[in-house]
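For reference, data_14.txt (compact mmCIF, C-alpha atoms):
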```txt
# COMPACT_ATOMS: atom_id res chain seq x y z
CA MET J 163 25.13 55.35 19.97
CA ASN J 164 25.42 59.09 20.54
CA ARG J 165 26.15 58.58 24.23
CA ASN J 166 28.90 56.09 23.44
CA PHE J 167 30.59 58.45 21.02
CA LYS J 168 30.41 61.20 23.64
CA ASN J 169 32.15 58.82 26.02
CA ILE J 170 34.88 58.24 23.44
CA VAL J 171 35.34 61.98 23.02
CA PHE J 172 35.62 62.53 26.77
CA ALA J 173 38.16 59.72 27.15
CA VAL J 174 40.25 60.91 24.21
CA VAL J 175 40.32 64.47 25.57
CA CYS J 176 41.47 63.25 28.99
CA SER J 177 44.14 61.10 27.36
CA PHE J 178 45.61 63.93 25.30
CA LEU J 179 45.42 66.53 28.05
CA ALA J 180 47.43 64.17 30.23
CA MET J 181 50.24 64.06 27.66
CA ASN J 182 53.53 65.34 29.06
CA THR J 183 51.94 66.84 32.16
CA GLN J 184 55.37 66.63 33.70
CA ALA J 185 56.42 69.32 31.23
CA GLN J 186 54.32 71.85 33.12
CA ASN J 187 56.41 71.28 36.23
CA SER J 188 59.78 71.42 34.52
CA GLU J 189 62.19 74.15 35.44
CA ILE J 190 62.09 77.11 33.07
CA THR J 191 65.48 77.99 31.72
CA GLU J 192 66.50 81.27 30.21
CA ILE J 193 65.36 81.51 26.60
CA GLN J 194 68.32 81.72 24.31
CA SER J 195 68.37 84.08 21.36
CA VAL J 196 67.33 82.64 18.02
CA GLU J 197 70.30 81.47 16.01
CA ASN J 198 70.49 82.19 12.34
CA SER J 199 70.89 78.51 11.46
CA PHE J 200 67.94 76.38 12.57
CA THR J 201 68.28 72.61 12.37
CA LEU J 202 65.94 69.74 13.13
CA ASN J 203 68.44 68.17 15.53
CA GLY J 204 66.70 67.64 18.86
CA ILE J 205 63.46 69.09 17.49
CA GLN J 206 61.17 66.69 19.37
CA GLN J 207 62.69 67.72 22.69
CA LYS J 208 62.49 71.41 21.71
CA ILE J 209 58.78 71.10 20.99
CA GLU J 210 58.05 69.21 24.20
CA LYS J 211 60.10 71.69 26.25
CA SER J 212 58.28 74.59 24.62
CA LEU J 213 54.94 73.16 25.72
CA GLY J 214 56.14 73.20 29.33
CA GLU J 215 57.30 76.81 28.92
CA ALA J 216 53.97 77.74 27.35
CA PHE J 217 52.05 76.33 30.32
CA ALA J 218 54.40 78.01 32.80
CA SER J 219 54.13 81.43 31.13
CA LYS J 220 50.44 80.92 30.27
CA ASN J 221 50.97 81.95 26.65
CA GLY J 222 51.88 80.18 23.43
CA LEU J 223 54.73 82.46 22.34
CA MET J 224 57.42 79.79 22.59
CA LEU J 225 55.33 77.43 20.48
CA GLU J 226 54.71 80.20 17.94
CA LYS J 227 58.44 80.92 17.83
CA LEU J 228 59.14 77.31 16.90
CA GLU J 229 56.34 77.41 14.34
CA LYS J 230 58.01 80.40 12.68
CA GLN J 231 61.40 78.67 12.65
CA LEU J 232 59.96 75.52 11.09
CA SER J 233 58.07 77.57 8.49
CA GLU J 234 61.28 79.35 7.48
CA ASN J 235 63.42 76.21 7.47
CA LYS J 236 64.03 75.06 3.89
CA GLU J 237 66.19 72.03 4.62
CA ASN J 238 64.98 68.42 4.94
CA ASN J 239 61.49 69.39 3.87
CA GLN J 240 59.93 65.94 4.37
CA TRP J 241 60.79 65.81 8.08
CA ASN J 242 60.20 69.53 8.45
CA LEU J 243 56.55 68.91 7.52
CA TYR J 244 56.34 66.07 10.03
CA TRP J 245 57.60 68.23 12.87
CA LYS J 246 55.29 71.09 11.95
CA SER J 247 52.42 68.65 12.33
CA TYR J 248 53.82 67.44 15.67
CA LEU J 249 54.16 71.03 16.86
CA HIS J 250 50.56 71.77 15.84
CA LEU J 251 49.49 68.75 17.91
CA TYR J 252 51.10 70.35 20.96
CA GLN J 253 49.58 73.72 20.14
CA THR J 254 46.19 71.99 19.99
CA ILE J 255 46.77 70.51 23.44
CA PHE J 256 47.94 73.85 24.84
CA TYR J 257 44.91 75.78 23.60
CA LEU J 258 42.51 73.04 24.67
CA LYS J 259 43.87 73.13 28.19
CA THR J 260 43.80 76.94 28.28
CA ASP J 261 40.14 76.97 27.18
CA ASN J 262 40.63 78.36 23.68
CA LYS J 263 38.74 75.69 21.76
CA GLU J 264 38.52 77.74 18.57
CA LYS J 265 42.29 78.11 18.29
CA ALA J 266 42.76 74.48 19.34
CA SER J 267 40.48 73.37 16.52
CA GLU J 268 42.44 75.49 14.05
CA TYR J 269 45.75 73.87 15.02
CA ASN J 270 44.25 70.39 15.06
CA ARG J 271 43.07 70.91 11.50
CA LYS J 272 46.53 72.17 10.49
CA SER J 273 48.22 69.16 12.10
CA ILE J 274 46.04 66.85 10.01
CA ASP J 275 46.12 68.77 6.72
CA ILE J 276 49.92 68.93 6.63
CA LEU J 277 50.25 65.15 6.69
CA GLN J 278 47.23 64.40 4.53
CA ASP J 279 48.69 66.62 1.81
CA LYS J 280 52.20 65.21 2.15
CA LYS J 281 53.36 63.03 -0.72
CA ASP J 282 55.17 59.72 -0.23
CA LYS J 283 54.13 59.28 3.39
CA ASN J 284 56.17 56.89 5.54
CA ALA J 285 55.12 54.84 8.58
CA GLU J 286 55.95 57.69 10.95
CA ASP J 287 53.68 60.04 9.00
CA TYR J 288 50.79 57.60 9.21
CA ALA J 289 51.30 57.08 12.95
CA LEU J 290 51.26 60.82 13.68
CA LEU J 291 48.34 61.41 11.32
CA ALA J 292 46.25 58.73 13.05
CA ASN J 293 47.25 60.20 16.41
CA ASN J 294 46.21 63.72 15.40
CA LEU J 295 42.94 62.45 13.94
CA SER J 296 42.15 60.88 17.32
CA LEU J 297 42.22 64.31 18.91
CA SER J 298 39.80 65.69 16.32
CA PHE J 299 37.00 63.82 18.12
CA VAL J 300 36.99 66.82 20.45
CA PHE J 301 35.78 69.07 17.65
CA MET J 302 33.33 66.76 15.89
CA LYS J 303 29.85 68.12 15.18
CA ASN J 304 27.83 64.91 14.85
CA GLN J 305 27.89 61.12 14.95
CA MET J 306 28.44 60.82 11.20
CA GLU J 307 31.61 62.86 11.50
CA ALA J 308 32.78 60.66 14.38
CA MET J 309 32.33 57.54 12.26
CA GLN J 310 34.32 59.16 9.45
CA ILE J 311 37.16 60.04 11.84
CA ASP J 312 37.17 56.46 13.13
CA ALA J 313 37.45 55.09 9.59
CA GLU J 314 40.31 57.47 8.73
CA ILE J 315 42.24 56.53 11.87
CA ARG J 316 41.99 52.82 11.07
CA GLU J 317 42.89 53.35 7.42
CA ASN J 318 46.03 55.33 8.26
CA LEU J 319 47.13 52.75 10.81
CA GLN J 320 46.72 49.98 8.23
CA LYS J 321 48.79 51.92 5.70
CA GLY J 322 51.49 52.52 8.29
CA PHE J 323 51.69 48.86 9.31
CA ARG J 324 52.02 47.82 5.67
CA LEU J 325 55.17 49.94 5.51
CA GLN J 326 56.66 49.10 8.91
CA LYS J 327 55.10 46.43 11.13
CA GLU J 328 57.49 46.96 14.03
CA ASN J 329 56.98 50.68 14.55
CA PRO J 330 56.36 51.47 18.25
CA ARG J 331 54.39 54.65 17.49
CA LEU J 332 51.93 52.81 15.26
CA HIS J 333 51.34 50.22 18.00
CA TYR J 334 50.97 52.95 20.63
CA VAL J 335 48.40 54.90 18.61
CA GLU J 336 46.46 51.73 17.79
CA GLY J 337 46.42 50.56 21.40
CA ASN J 338 45.68 53.95 22.92
CA TYR J 339 42.80 54.54 20.51
CA ASP J 340 41.37 51.10 21.22
CA THR J 341 41.19 51.84 24.95
CA HIS J 342 38.55 54.49 24.17
CA ILE J 343 36.27 52.33 22.03
CA PRO J 344 33.23 50.85 23.88
CA LYS J 345 33.26 47.06 24.22
CA GLN J 346 29.96 46.73 22.35
CA TYR J 347 31.82 48.12 19.31
CA ASP J 348 34.68 45.63 19.76
CA GLY J 349 36.76 48.09 21.73
CA GLY J 350 39.52 46.93 24.05
CA LYS J 351 40.51 43.87 22.05
CA LYS J 352 43.79 45.35 20.83
CA ALA J 353 44.52 47.72 23.72
CA GLU J 354 46.76 45.58 25.92
CA THR J 355 48.47 43.69 23.09
CA SER J 356 49.27 46.81 21.05
CA LEU J 357 50.44 48.88 24.01
CA LEU J 358 52.67 46.07 25.29
CA LYS J 359 54.08 45.75 21.78
CA ALA J 360 54.82 49.49 21.69
CA ILE J 361 56.62 49.20 25.02
CA SER J 362 58.65 46.11 24.10
CA LEU J 363 59.77 47.07 20.60
CA PRO J 364 63.27 48.52 20.19
CA GLU J 365 63.36 52.16 19.13
CA PRO J 366 64.37 52.21 15.43
CA ASN J 367 65.22 55.93 15.55
CA GLN J 368 67.33 56.00 18.71
CA ASN J 369 70.53 56.97 16.89
CA SER J 370 69.01 59.91 15.04
CA GLU J 371 68.84 63.53 16.16
CA HIS J 372 65.84 64.49 14.04
CA LEU J 373 63.64 61.37 13.84
CA PRO J 374 60.72 60.77 16.25
CA THR J 375 61.09 58.69 19.40
CA TRP J 376 57.82 59.55 21.17
CA GLY J 377 55.29 56.86 22.04
CA LYS J 378 57.08 54.68 24.60
CA LYS J 379 56.29 56.75 27.68
CA GLU J 380 52.80 57.44 26.37
CA ALA J 381 52.25 53.69 25.89
CA TYR J 382 53.14 53.04 29.52
CA GLN J 383 50.77 55.79 30.67
CA SER J 384 47.92 54.56 28.49
CA LEU J 385 48.35 50.95 29.60
CA LEU J 386 48.48 51.98 33.27
CA LYS J 387 45.14 53.74 32.83
CA TRP J 388 43.74 50.68 31.08
CA TYR J 389 44.82 48.33 33.87
CA SER J 390 43.51 50.73 36.52
CA PHE J 391 40.16 51.01 34.78
CA ASP J 392 39.97 47.21 34.62
CA ASN J 393 41.00 46.98 38.30
CA GLN J 394 44.06 44.83 37.52
CA LYS J 395 46.09 45.94 40.54
CA GLU J 396 48.94 43.44 40.17
CA LYS J 397 49.54 44.49 36.57
CA VAL J 398 49.38 48.16 37.58
CA ASN J 399 52.03 47.66 40.27
CA GLU J 400 54.32 45.68 37.96
CA LEU J 401 54.01 48.17 35.11
CA GLU J 402 54.57 51.14 37.42
CA ARG J 403 57.77 49.50 38.65
CA LYS J 404 59.01 48.99 35.08
CA PHE J 405 57.98 52.52 34.10
CA HIS J 406 59.95 54.12 36.94
CA GLU J 407 62.97 51.90 36.31
CA LYS J 408 63.07 52.80 32.64
CA PHE J 409 62.44 56.52 32.83
CA SER J 410 64.21 57.25 36.12
CA GLU J 411 67.41 55.95 34.54
CA LYS J 412 67.00 58.26 31.56
CA SER J 413 66.51 61.31 33.75
CA LYS J 414 69.76 60.71 35.68
```
This structure in structure tokens:
Amino acid sequence: MNRNFKNIVFAVVCSFLAMNTQAQNSEITEIQSVENSFTLNGIQQKIEKSLGEAFASKNGLMLEKLEKQLSENKENNQWNLYWKSYLHLYQTIFYLKTDNKEKASEYNRKSIDILQDKKDKNAEDYALLANNLSLSFVFMKNQMEAMQIDAEIRENLQKGFRLQKENPRLHYVEGNYDTHIPKQYDGGKKAETSLLKAISLPEPNQNSEHLPTWGKKEAYQSLLKWYSFDNQKEKVNELERKFHEKFSEKSK
């Protein structure tokens, strides 16, 4: 049992550290001065871009700058809390990959606490909370704690699906998490179905500047790993083709 949970931890770490690796290779543009009025428009892209800048400069100052702006922002508090949690997820990833596990653990805890304490959670909150809880496997102290994390992830996913069945982020988190569960514990049964669902669903937030749209690209990446692990070469080739078609068009 202990060995299997260690395997889950290793797989989860690899999955999260692979998130947005392309951001590290992005061109670094000149940092503009902080404007007096901070809005949540384009906040997801700002956070993801800041992670790339943090890796390029080898410090977390850009992420801390955004953290300060979000902390001082008094408008749209419900979504402000969501994006603070999302930012803390990226800070966790940054400090994990730069070998500062203590600081990574601190930000992981913050990313979870913000959403656990939030009142009137919506489906997006539950998806991000389950996602952030998945990363907390890295910092678990024992098997009992791992089982508790597992139960919390499943509970939050269930709550999210009760609110919005067709949410691509909920399906991504469910499928990605299932890829890390050993088969003897019923792992892998939802992986392909949930990840394909995440990929195929229309994006409900595509016309908004401040609502989340992450999860699609990550679902492709997770499913590609799953097919590769299972040695399903034809499915890998087909999914890679679809992935490049979809995201090459967006980058033009």
Nearby residues (all atoms listed in the file) at most 8 Å from segment 325-328 of chain J, same-chain spacing under 6 positions excluded, as a list in words: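 Here the answer would be Asn284, Ala285 and Leu363 of chain J.
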message: Between atom CA of Lys227 of chain J and atom CA of Tyr334 of chain J, what distance in Å does the model show, to one decimal?
response: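 We find that atom CA of Lys227 of chain J and atom CA of Tyr334 of chain J lie 29.1 Å from each other.
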field: All residues 8 Å or closer to Lys378 of chain J, all atoms listed in the file, same chain fewer than 6 positions away omitted, as a VMD selection string
entry: chain J and resid 330 to 331 334 360 to 361
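Taking atom CA of Ser370 of chain J as the reference point, atom CA of Leu202 of chain J is found at 10.5 Å.
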- prompt: Quick one, how far is atom CA of His333 of chain J from atom CA of Glu354 of chain J?
  reply: 10.3 Å
query: Near Asn203 of chain J, within 9 Å and counting all atoms listed in the file, which residues show up once chain neighbours fewer than 5 positions away are dropped, as a list in words?
result: Ser370, Glu371, His372 and Leu373 of chain J
- prompt: Which is closest to Tyr347 of chain J among J:Asn221, J:Asp312, J:Tyr269, J:Phe323, if we use all atoms listed in the file?
  reply: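 Once distances to Tyr347 of chain J are computed over all atoms listed in the file, the minimum belongs to J:Asp312.
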Pick out the residues sitting within 9 Å of Leu319 of chain J, and hand them over as a tab-separated table (two decimals) with C-alpha atoms, in the frame of the given file; count only C-alpha atoms, and ignore anything fewer than 4 positions along from it in its own chain.
```
chain	number	residue	atom	x	y	z
J	285	ALA	CA	55.12	54.84	8.58
J	288	TYR	CA	50.79	57.60	9.21
J	289	ALA	CA	51.30	57.08	12.95
J	291	LEU	CA	48.34	61.41	11.32
J	292	ALA	CA	46.25	58.73	13.05
J	314	GLU	CA	40.31	57.47	8.73
J	315	ILE	CA	42.24	56.53	11.87
J	323	PHE	CA	51.69	48.86	9.31
J	324	ARG	CA	52.02	47.82	5.67
J	332	LEU	CA	51.93	52.81	15.26
J	333	HIS	CA	51.34	50.22	18.00
J	335	VAL	CA	48.40	54.90	18.61
J	336	GLU	CA	46.46	51.73	17.79
```
